[in-house]
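These notes are about the structure you will find just below.
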Protein chains: 2
Amino acid sequence: MTELAPALEGAHILGSTRSRAGVSAFTACDPRTGAALAPAFHEATDVEVARAMELAASAHPAFEAQGRELRAQLLEAIAAGLEALGAALVERASAETGLPTARIEAERGRTTGQLRLFARTVREGAYLGARIDHGDPARAPLPKPDLRSMARALGPVVVFGASNFPLAFSVAGGDTAAALAAGCPVVVKGHPNHPGTSELVGGVIAGAVRALGLPEGTFSLVQGRTHEVGLALVLHPAARAVAFTGSLRGGRALFDAAQAREVPIPVFAEMGSVNPVFLLPGRVAADPAALGAQIAGSVTMGVGQFCTNPGVLVLVRDAASGALLDALAAALAAAPEAPLLHAGIRKAFDAGLERLAGVTGVEVRARAAAAGPCGARGALLTIPAARFLAEHAAREEVFGPSTLAVLCEDAAELLAVARGLAGQLTATLHAGAGDESLAASLAPLLAERAGRVLFGGFPTGVEVTEAMVHGGPYPATTDSRTTSVGPTAIARFVRPVAYQNFPQPLLPDELRDDGPAGLWRRVDGAWQLTPGA
Amino acid sequence: MTELAPALEGAHILGSTRSRAGVSAFTACDPRTGAALAPAFHEATDVEVARAMELAASAHPAFEAQGRELRAQLLEAIAAGLEALGAALVERASAETGLPTARIEAERGRTTGQLRLFARTVREGAYLGARIDHGDPARAPLPKPDLRSMARALGPVVVFGASNFPLAFSVAGGDTAAALAAGCPVVVKGHPNHPGTSELVGGVIAGAVRALGLPEGTFSLVQGRTHEVGLALVLHPAARAVAFTGSLRGGRALFDAAQAREVPIPVFAEMGSVNPVFLLPGRVAADPAALGAQIAGSVTMGVGQFCTNPGVLVLVRDAASGALLDALAAALAAAPEAPLLHAGIRKAFDAGLERLAGVTGVEVRARAAAAGPCGARGALLTIPAARFLAEHAAREEVFGPSTLAVLCEDAAELLAVARGLAGQLTATLHAGAGDESLAASLAPLLAERAGRVLFGGFPTGVEVTEAMVHGGPYPATTDSRTTSVGPTAIARFVRPVAYQNFPQPLLPDELRDDGPAGLWRRVDGAWQLTPGA
């Protein structure tokens, strides 16, 4: 532990206070050993949930009104605070997830990078979509009004931490960064499998809020292991939006609850997908063994616990694809065992493979028993395309280091598999010599069904840039019109407000004639950068 | 009737064919006389609904793939076709709605203007949000991929025609224009009170689709008087989004049905609001009589049947506000009777005024019986602010030419009324000398609760420009993050798709290095206009 890391209290962070009123307690567990990790954490009570949401409500719109510069400083202070936690954060996150410290360090870099990217985004202000349409008092028969609009913060956002990214998609992850950047107070429901990591990170955010003099309710963290805590947050009248990364079942339950409220609120649930990789014959023939080994690397990366893990491969049955599968099976069999995030995922992984193996036509090509309490080893199964298209169970995600190879008789059947796909986060196309025509037919089918399409490479590894789309049609997400990665993720947490014939002093700075320097605005229908700076 | 206007068949338009298979029939009615208008229209059957949706599904993404220029031509052809219908359209729409022909002509101008604005918008292409983030193969430890993204069409959109704008918010109204501009096939459920207008307009669209050689399923129109037809459209698996303008009850029912689907789809329901107008003491004192007369004009405009009708006025009780209310009551009493759109609205208007009049503390200041079968006359009621805040029934919309004046004891109570407001399409602030401080406190409260805030003037009259926001927090709409008026309404019907490391020939034109001339794109984080043109 470094000197800067605070001792864990096992407490919720409710604005500027800590609370631990619940009776029901739980602990984290080291998936490498099965050992419980102190301290005990307490299920949030109704009173604690209500307090977090009421604080958030009282911080809106006061937090937004503090302006973009202070929000940028908040995001930067959080990034610096995470770094200042040093090894204490890395070791705790590693112990709670079983992920190697090198992976946690890389994830910390991604998390601080995201925070700083959102700081730049909020400073730049283009995301506001500030628009000015000048009026024309002389227009007949009626004067044309002066109209100006820009994005405003929605209000309190409930963020659910994800199990598989204890930093990048959790307490200070992309959802929190986007919501804070937008000017929305955030209440995080920490994932119950890494509560210590959540408390450490939450403490950094609360400290940064305090240090910058922002409203107390700008950030809270509540912990809990049951569905009730999350549901209570979503159903609280002060909640204005929800962000979630996790299972289809969990995301859909929150979505249903939020839509059934008296005042429905948007739920941005990223629920994963099978991320099909189409391996066209010309590409496969070029070097099947090497390609098989590369696929094994992507399948087992992070013990297969990425939302973008390639869970389905689609190939035309021929000698080269046979060689690819042989190489892939061998590489998966040779890959070492590694611990999954927790016992629940291990159980679900085993059950998912059982289910798949039971589907008519499925052959198990690689699958080995794991020894550790949460251990998993790479698996490869195959299925004829006709069976894949016929059996819904074959198309469901198995979360973990496995992949299902779908074997097509010809190019037409490969296109039929593409047409049969549900919504996906990603779809990947590998094409080589002679595949040009098939690739041209396939690419639009994939773009119609996925948020991101790749040519070559693998979907694992989600670059954080403006053009990234980490989203996709249902069931990949509950709202295909958004992304949960990259600066445009801010758009989930804002709504446009128009100001008609408003006097300059009553307008937000960004809509005044002399807007802040260096701001992109649409003025009378064209993008303009305000002068200065 | 001009030579160009076709005879009405009382038929649904299913792509390129007409159909009239249903047994249950209904007719339009002239609200000025109560007389039925030939011909009979038939409730769409399940088979007809399914046919319309299947045609739409088969037209996606083929329609989008025809490109932006052809979509722009389609929108322009529809506008020209509406004009070519001449007096036949105006007379039928006037007969079916009771709205004067001058109003219908103005609405036609607005409708064709919208269509042409969307044509310009789709040609310009900035709405695509095309983004290019160049890769860096030399980046360590991992190469940075080339990422490009842009908006793609969601797929078939179900549009519900509104009763109060037989042209501008109906078959070829803003929702249809936005969806077609986005590249989405459209199936319209015509409003049952103006089926003849719907058929005339639908025929124009179907003709334009045919003339341009676009996919047959690009447009269909089904008619029906029951909820079942609309529900069947929304529940059809091919539907990808829904646009609706109408009542809270109707919009919420469609929203609930769409969210409960196996694959939920977005519903953009604009459900109206009370559009409060805050009249601050300094402004009222300046000229109470004139202001009262102006308010009467806005309240009775279009027989009060605008979504933005000022249904609530908020004033501080003093001598000047008393004089304003006297003038308003007198002007409303003097305003001539006019027919509401149909008997159902007349019934709801009468019932709504009854309900309001029954709320404790409400005084009726102007209200006169109407003679015609659908007739209505202007009404003014008042209520003390404390009662308004206490009684939910006082805050509900009454659709028609009435307004409720909320009388506050002081500025603090006026701010409390603002804080107590639910989501609104609009909120208006009139301020004069001495009101500066109160206006500065009030403006952000209104912006927090409405899609559009006005300084002076009245909310009726929704300018169609980029900066317009016709939307707002629930219950004004089901999605405050969007607008249903203005070119940014396209955003409802698209989703972003990212292309990673794609070869140039497989990219959409707009994302290629040599993109089309004159296209706004974000390139490596800054807006750029592609050279040429």
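Each chain of the structure tokens is named A, B, ... in the order shown, its residues numbered from 1; ligands are numbered from 1 in display order.
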Next item on the list: Find the residues of chain B in contact range of chain A, meaning any atom within 6 Å when counting only C-alpha atoms, and list them as a list of chain:residue names.
Entry: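 Taken together, these residues fit the definition: B:Arg131, B:Leu147, B:Arg148, B:Ser149, B:Gly451, B:Arg452, B:Val453, B:Leu454, B:Phe455, B:Ala467, B:Met468, B:Val469, B:Ser480, B:Arg481, B:Arg495, B:Val497, B:Ala498, B:Tyr499, B:Gln500, B:Asn501, B:Phe502.
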Can you write just those residues out, C-alpha atoms, as a compact mmCIF listing (two decimals), in the first residue's frame?
# COMPACT_ATOMS: atom_id res chain seq x y z
CA ARG B 131 -16.06 11.07 -38.44
CA LEU B 147 -11.77 4.33 -37.38
CA ARG B 148 -14.54 6.01 -39.35
CA SER B 149 -18.19 6.32 -38.42
CA GLY B 451 -37.59 21.85 -24.69
CA ARG B 452 -37.96 25.49 -25.75
CA VAL B 453 -37.97 28.63 -23.66
CA LEU B 454 -39.20 31.93 -25.07
CA PHE B 455 -38.54 35.46 -23.99
CA ALA B 467 -31.98 25.36 -33.68
CA MET B 468 -35.66 24.56 -33.06
CA VAL B 469 -36.42 22.05 -30.33
CA SER B 480 -36.42 14.53 -24.29
CA ARG B 481 -33.16 14.01 -26.15
CA ARG B 495 -27.68 5.02 -35.52
CA VAL B 497 -21.87 2.58 -37.40
CA ALA B 498 -18.07 2.47 -37.08
CA TYR B 499 -15.79 0.98 -39.72
CA GLN B 500 -12.40 -0.19 -38.48
CA ASN B 501 -9.47 -0.56 -40.89
CA PHE B 502 -11.87 -0.81 -43.82
Margin query: So that I can check the surroundings of Gln66 (chain A), please list as a PyMOL selection string every protein, DNA and RNA residue that reaches within 10 Å of it, counting only C-alpha atoms and ignoring chain neighbours fewer than 5 positions away.
Written below: chain A and resi 61+71+183+213-215
If you keep C-alpha atoms, can you produce a file of those selected residues as a compact mmCIF listing (two decimals), in the first residue's frame?
# COMPACT_ATOMS: atom_id res chain seq x y z
CA PRO A 61 -28.52 21.81 -12.16
CA ARG A 71 -16.05 19.85 -14.98
CA GLY A 183 -22.86 18.02 -16.17
CA GLY A 213 -15.96 22.99 -4.20
CA LEU A 214 -18.56 21.29 -6.37
CA PRO A 215 -22.00 20.42 -4.97
Just the strand (DSSP E or B) stuff from region 106-347 of chain A, please, per backbone DSSP, written as a CSV table (one decimal) with N, CA, C and O atoms, in the first residue's frame.
chain,number,residue,atom,x,y,z
A,131,ARG,N,-26.2,25.8,-31.6
A,131,ARG,CA,-26.8,26.3,-32.9
A,131,ARG,C,-27.3,27.7,-32.7
A,131,ARG,O,-28.1,28.0,-31.8
A,132,ILE,N,-27.1,28.5,-33.7
A,132,ILE,CA,-27.7,29.9,-33.7
A,132,ILE,C,-28.3,30.1,-35.1
A,132,ILE,O,-27.6,30.0,-36.1
A,133,ASP,N,-29.6,30.3,-35.1
A,133,ASP,CA,-30.3,30.7,-36.3
A,133,ASP,C,-30.8,32.1,-36.1
A,133,ASP,O,-31.8,32.3,-35.3
A,136,ASP,N,-35.3,37.2,-38.3
A,136,ASP,CA,-35.5,38.2,-39.3
A,136,ASP,C,-36.8,39.0,-39.0
A,136,ASP,O,-37.8,38.5,-39.4
A,144,LYS,N,-39.3,36.3,-38.3
A,144,LYS,CA,-38.6,35.1,-38.0
A,144,LYS,C,-37.9,35.2,-36.7
A,144,LYS,O,-37.2,36.2,-36.5
A,147,LEU,N,-33.5,32.0,-32.9
A,147,LEU,CA,-33.5,30.7,-32.2
A,147,LEU,C,-32.1,30.2,-31.9
A,147,LEU,O,-31.2,30.2,-32.9
A,148,ARG,N,-31.8,29.7,-30.7
A,148,ARG,CA,-30.5,29.2,-30.4
A,148,ARG,C,-30.7,28.0,-29.5
A,148,ARG,O,-31.6,27.9,-28.7
A,149,SER,N,-29.9,27.0,-29.7
A,149,SER,CA,-30.1,25.8,-28.9
A,149,SER,C,-28.8,25.1,-28.6
A,149,SER,O,-27.8,25.3,-29.3
A,150,MET,N,-28.7,24.4,-27.5
A,150,MET,CA,-27.6,23.6,-27.2
A,150,MET,C,-27.9,22.5,-26.2
A,150,MET,O,-29.0,22.5,-25.6
A,151,ALA,N,-27.0,21.6,-26.0
A,151,ALA,CA,-27.3,20.4,-25.1
A,151,ALA,C,-27.2,20.9,-23.7
A,151,ALA,O,-26.2,21.6,-23.3
A,152,ARG,N,-28.1,20.4,-22.9
A,152,ARG,CA,-28.1,20.6,-21.4
A,152,ARG,C,-28.1,19.3,-20.7
A,152,ARG,O,-28.6,18.3,-21.2
A,153,ALA,N,-27.5,19.3,-19.5
A,153,ALA,CA,-27.5,18.0,-18.7
A,153,ALA,C,-28.8,17.5,-18.4
A,153,ALA,O,-29.7,18.3,-18.0
A,157,VAL,N,-27.7,10.7,-13.0
A,157,VAL,CA,-27.5,9.4,-13.8
A,157,VAL,C,-27.0,8.3,-12.8
A,157,VAL,O,-26.2,8.5,-12.0
A,158,VAL,N,-27.7,7.2,-13.0
A,158,VAL,CA,-27.3,6.0,-12.2
A,158,VAL,C,-26.4,5.1,-13.1
A,158,VAL,O,-26.8,4.7,-14.2
A,159,VAL,N,-25.2,4.9,-12.6
A,159,VAL,CA,-24.2,4.1,-13.3
A,159,VAL,C,-24.0,2.7,-12.6
A,159,VAL,O,-23.8,2.7,-11.4
A,160,PHE,N,-24.1,1.6,-13.3
A,160,PHE,CA,-23.8,0.3,-12.8
A,160,PHE,C,-22.4,-0.1,-13.2
A,160,PHE,O,-22.1,-0.2,-14.4
A,186,VAL,N,-23.8,11.9,-10.6
A,186,VAL,CA,-23.7,10.5,-10.8
A,186,VAL,C,-23.8,9.7,-9.5
A,186,VAL,O,-23.2,10.1,-8.5
A,187,VAL,N,-24.7,8.7,-9.5
A,187,VAL,CA,-24.7,7.8,-8.4
A,187,VAL,C,-24.3,6.4,-8.9
A,187,VAL,O,-25.0,5.9,-9.9
A,188,VAL,N,-23.2,5.9,-8.5
A,188,VAL,CA,-22.7,4.6,-8.9
A,188,VAL,C,-23.2,3.5,-8.0
A,188,VAL,O,-23.1,3.6,-6.8
A,189,LYS,N,-23.7,2.4,-8.6
A,189,LYS,CA,-24.0,1.1,-7.9
A,189,LYS,C,-22.7,0.3,-8.2
A,189,LYS,O,-22.5,-0.1,-9.4
A,219,PHE,N,-21.5,13.4,-6.7
A,219,PHE,CA,-21.1,11.9,-6.8
A,219,PHE,C,-21.5,11.2,-5.5
A,219,PHE,O,-21.2,11.7,-4.4
A,220,SER,N,-22.0,10.0,-5.7
A,220,SER,CA,-22.2,9.1,-4.6
A,220,SER,C,-21.9,7.6,-5.1
A,220,SER,O,-22.0,7.4,-6.3
A,221,LEU,N,-21.6,6.8,-4.1
A,221,LEU,CA,-21.4,5.4,-4.5
A,221,LEU,C,-22.1,4.5,-3.5
A,221,LEU,O,-21.9,4.7,-2.3
A,222,VAL,N,-23.0,3.7,-4.0
A,222,VAL,CA,-23.7,2.7,-3.0
A,222,VAL,C,-23.3,1.3,-3.5
A,222,VAL,O,-23.1,1.0,-4.7
A,241,ALA,N,-31.5,9.0,-16.0
A,241,ALA,CA,-30.9,8.1,-17.0
A,241,ALA,C,-30.1,7.0,-16.2
A,241,ALA,O,-29.7,7.2,-15.1
A,242,VAL,N,-29.9,5.9,-16.9
A,242,VAL,CA,-29.2,4.8,-16.4
A,242,VAL,C,-28.2,4.3,-17.4
A,242,VAL,O,-28.5,4.2,-18.6
A,243,ALA,N,-27.0,4.0,-16.9
A,243,ALA,CA,-26.0,3.3,-17.8
A,243,ALA,C,-25.6,2.0,-17.1
A,243,ALA,O,-25.3,2.0,-15.9
A,244,PHE,N,-25.5,1.0,-17.9
A,244,PHE,CA,-25.2,-0.4,-17.4
A,244,PHE,C,-24.4,-1.1,-18.4
A,244,PHE,O,-24.6,-1.0,-19.6
A,245,THR,N,-23.5,-1.9,-17.9
A,245,THR,CA,-22.7,-2.8,-18.8
A,245,THR,C,-22.8,-4.2,-18.0
A,245,THR,O,-22.4,-4.3,-16.9
A,267,VAL,N,-32.5,4.0,-20.6
A,267,VAL,CA,-31.5,3.1,-20.1
A,267,VAL,C,-30.5,2.7,-21.2
A,267,VAL,O,-31.0,2.2,-22.2
A,268,PHE,N,-29.2,3.0,-20.9
A,268,PHE,CA,-28.2,2.6,-21.9
A,268,PHE,C,-27.5,1.4,-21.4
A,268,PHE,O,-26.6,1.5,-20.6
A,269,ALA,N,-28.0,0.3,-21.8
A,269,ALA,CA,-27.5,-1.0,-21.3
A,269,ALA,C,-26.7,-1.7,-22.4
A,269,ALA,O,-27.2,-1.9,-23.5
A,270,GLU,N,-25.4,-1.9,-22.2
A,270,GLU,CA,-24.6,-2.6,-23.1
A,270,GLU,C,-24.5,-4.0,-22.6
A,270,GLU,O,-24.0,-4.3,-21.5
A,277,VAL,N,-17.0,-13.4,-36.4
A,277,VAL,CA,-15.8,-13.1,-37.2
A,277,VAL,C,-16.0,-14.0,-38.5
A,277,VAL,O,-16.0,-15.2,-38.4
A,278,PHE,N,-16.1,-13.3,-39.6
A,278,PHE,CA,-16.3,-14.0,-40.9
A,278,PHE,C,-14.9,-14.2,-41.5
A,278,PHE,O,-14.3,-13.2,-41.8
A,279,LEU,N,-14.6,-15.4,-41.8
A,279,LEU,CA,-13.2,-15.7,-42.3
A,279,LEU,C,-13.4,-16.3,-43.7
A,279,LEU,O,-13.8,-17.5,-43.9
A,312,VAL,N,-18.2,-16.3,-32.1
A,312,VAL,CA,-18.6,-17.1,-33.2
A,312,VAL,C,-17.7,-16.8,-34.4
A,312,VAL,O,-17.3,-15.6,-34.7
A,313,LEU,N,-17.2,-17.9,-35.0
A,313,LEU,CA,-16.4,-17.8,-36.2
A,313,LEU,C,-17.3,-18.4,-37.4
A,313,LEU,O,-17.9,-19.4,-37.2
A,314,VAL,N,-17.2,-17.7,-38.5
A,314,VAL,CA,-18.0,-18.2,-39.6
A,314,VAL,C,-17.0,-18.5,-40.8
A,314,VAL,O,-16.3,-17.6,-41.3
A,315,LEU,N,-17.0,-19.8,-41.2
A,315,LEU,CA,-16.1,-20.2,-42.3
A,315,LEU,C,-16.8,-21.1,-43.3
A,315,LEU,O,-17.8,-21.7,-43.0
A,316,VAL,N,-16.2,-21.2,-44.5
A,316,VAL,CA,-16.7,-22.1,-45.5
A,316,VAL,C,-15.9,-23.4,-45.3
A,316,VAL,O,-14.6,-23.4,-45.1
A,338,ALA,N,-6.7,-20.0,-16.5
A,338,ALA,CA,-6.7,-18.7,-15.9
A,338,ALA,C,-8.0,-18.5,-15.1
A,338,ALA,O,-9.0,-19.1,-15.5
A,339,PRO,N,-8.0,-17.7,-14.0
A,339,PRO,CA,-9.2,-17.6,-13.2
A,339,PRO,C,-10.2,-16.6,-13.9
A,339,PRO,O,-9.8,-15.5,-14.3
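With distances restricted to only C-alpha atoms, B:Thr530 is the closest residue to Asp513 (chain B) from B:Thr530, B:Gly352, B:Val284, B:Leu117.
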Check: DSSP on the backbone: what in region 97-224 of chain A comes out helix (DSSP H, G or I), as a ChimeraX atom specification?
Finding: /A:97,101-124,126-128,174-182,195-211,216-218
Margin query: Report, in Å with one decimal, the straight-line distance from CA of Ala253 (chain A) to CA of Leu235 (chain A).
Written below: 11.9 Å
Margin query: To one decimal place in Å, what is the distance between CA of Ala93 (chain B) and CA of Asp350 (chain B)?
Written below: 24.4 Å
Checklist line | Long-range neighbours of Pro384 (chain B) as a list of chain:residue names, 9 Å cut-off, only C-alpha atoms, 4 positions minimum in chain | finding: B:Gly361, B:Val362, B:Phe388, B:Leu389, B:Ala405, B:Val406, B:Leu407, B:Cys408, B:Glu409
Item checked: Atom pair CA of Met53 (chain B) / CA of Ala258 (chain A): separation (Å) ->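 Computed distance, CA of Met53 (chain B) to CA of Ala258 (chain A), equals 28.4 Å.
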Checklist line | Spatial neighbours of Ala296 (chain B), 6 Å, only C-alpha atoms, chain gap at least 2 places, as a list in words | finding: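 Contacts, with the query itself left out: Ala293, Gln294, Ser298, Val299, Leu328 and Leu332 of chain B.
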Go ahead and write the residues just picked, N, CA, C and O atoms, as an mmCIF file, in the first residue's frame.
data_model
loop_
_atom_site.group_PDB
_atom_site.id
_atom_site.type_symbol
_atom_site.label_atom_id
_atom_site.label_comp_id
_atom_site.auth_asym_id
_atom_site.auth_seq_id
_atom_site.Cartn_x
_atom_site.Cartn_y
_atom_site.Cartn_z
ATOM 1 N N ALA B 293 -55.098 40.993 -24.658
ATOM 2 C CA ALA B 293 -55.674 40.736 -25.984
ATOM 3 C C ALA B 293 -54.758 39.845 -26.815
ATOM 4 O O ALA B 293 -55.213 38.965 -27.551
ATOM 5 N N GLN B 294 -53.425 40.081 -26.689
ATOM 6 C CA GLN B 294 -52.485 39.221 -27.423
ATOM 7 C C GLN B 294 -52.578 37.775 -26.959
ATOM 8 O O GLN B 294 -52.524 36.841 -27.763
ATOM 9 N N SER B 298 -53.409 34.103 -29.006
ATOM 10 C CA SER B 298 -52.628 32.862 -29.008
ATOM 11 C C SER B 298 -53.472 31.692 -28.502
ATOM 12 O O SER B 298 -53.379 30.581 -29.030
ATOM 13 N N VAL B 299 -54.313 31.959 -27.497
ATOM 14 C CA VAL B 299 -55.126 30.877 -26.917
ATOM 15 C C VAL B 299 -56.138 30.339 -27.927
ATOM 16 O O VAL B 299 -56.398 29.138 -27.978
ATOM 17 N N LEU B 328 -58.309 39.912 -21.034
ATOM 18 C CA LEU B 328 -58.243 38.572 -21.626
ATOM 19 C C LEU B 328 -59.626 37.934 -21.625
ATOM 20 O O LEU B 328 -60.063 37.361 -22.636
ATOM 21 N N LEU B 332 -61.675 36.853 -24.944
ATOM 22 C CA LEU B 332 -62.092 35.466 -25.172
ATOM 23 C C LEU B 332 -63.602 35.382 -25.342
ATOM 24 O O LEU B 332 -64.109 34.642 -26.190
#
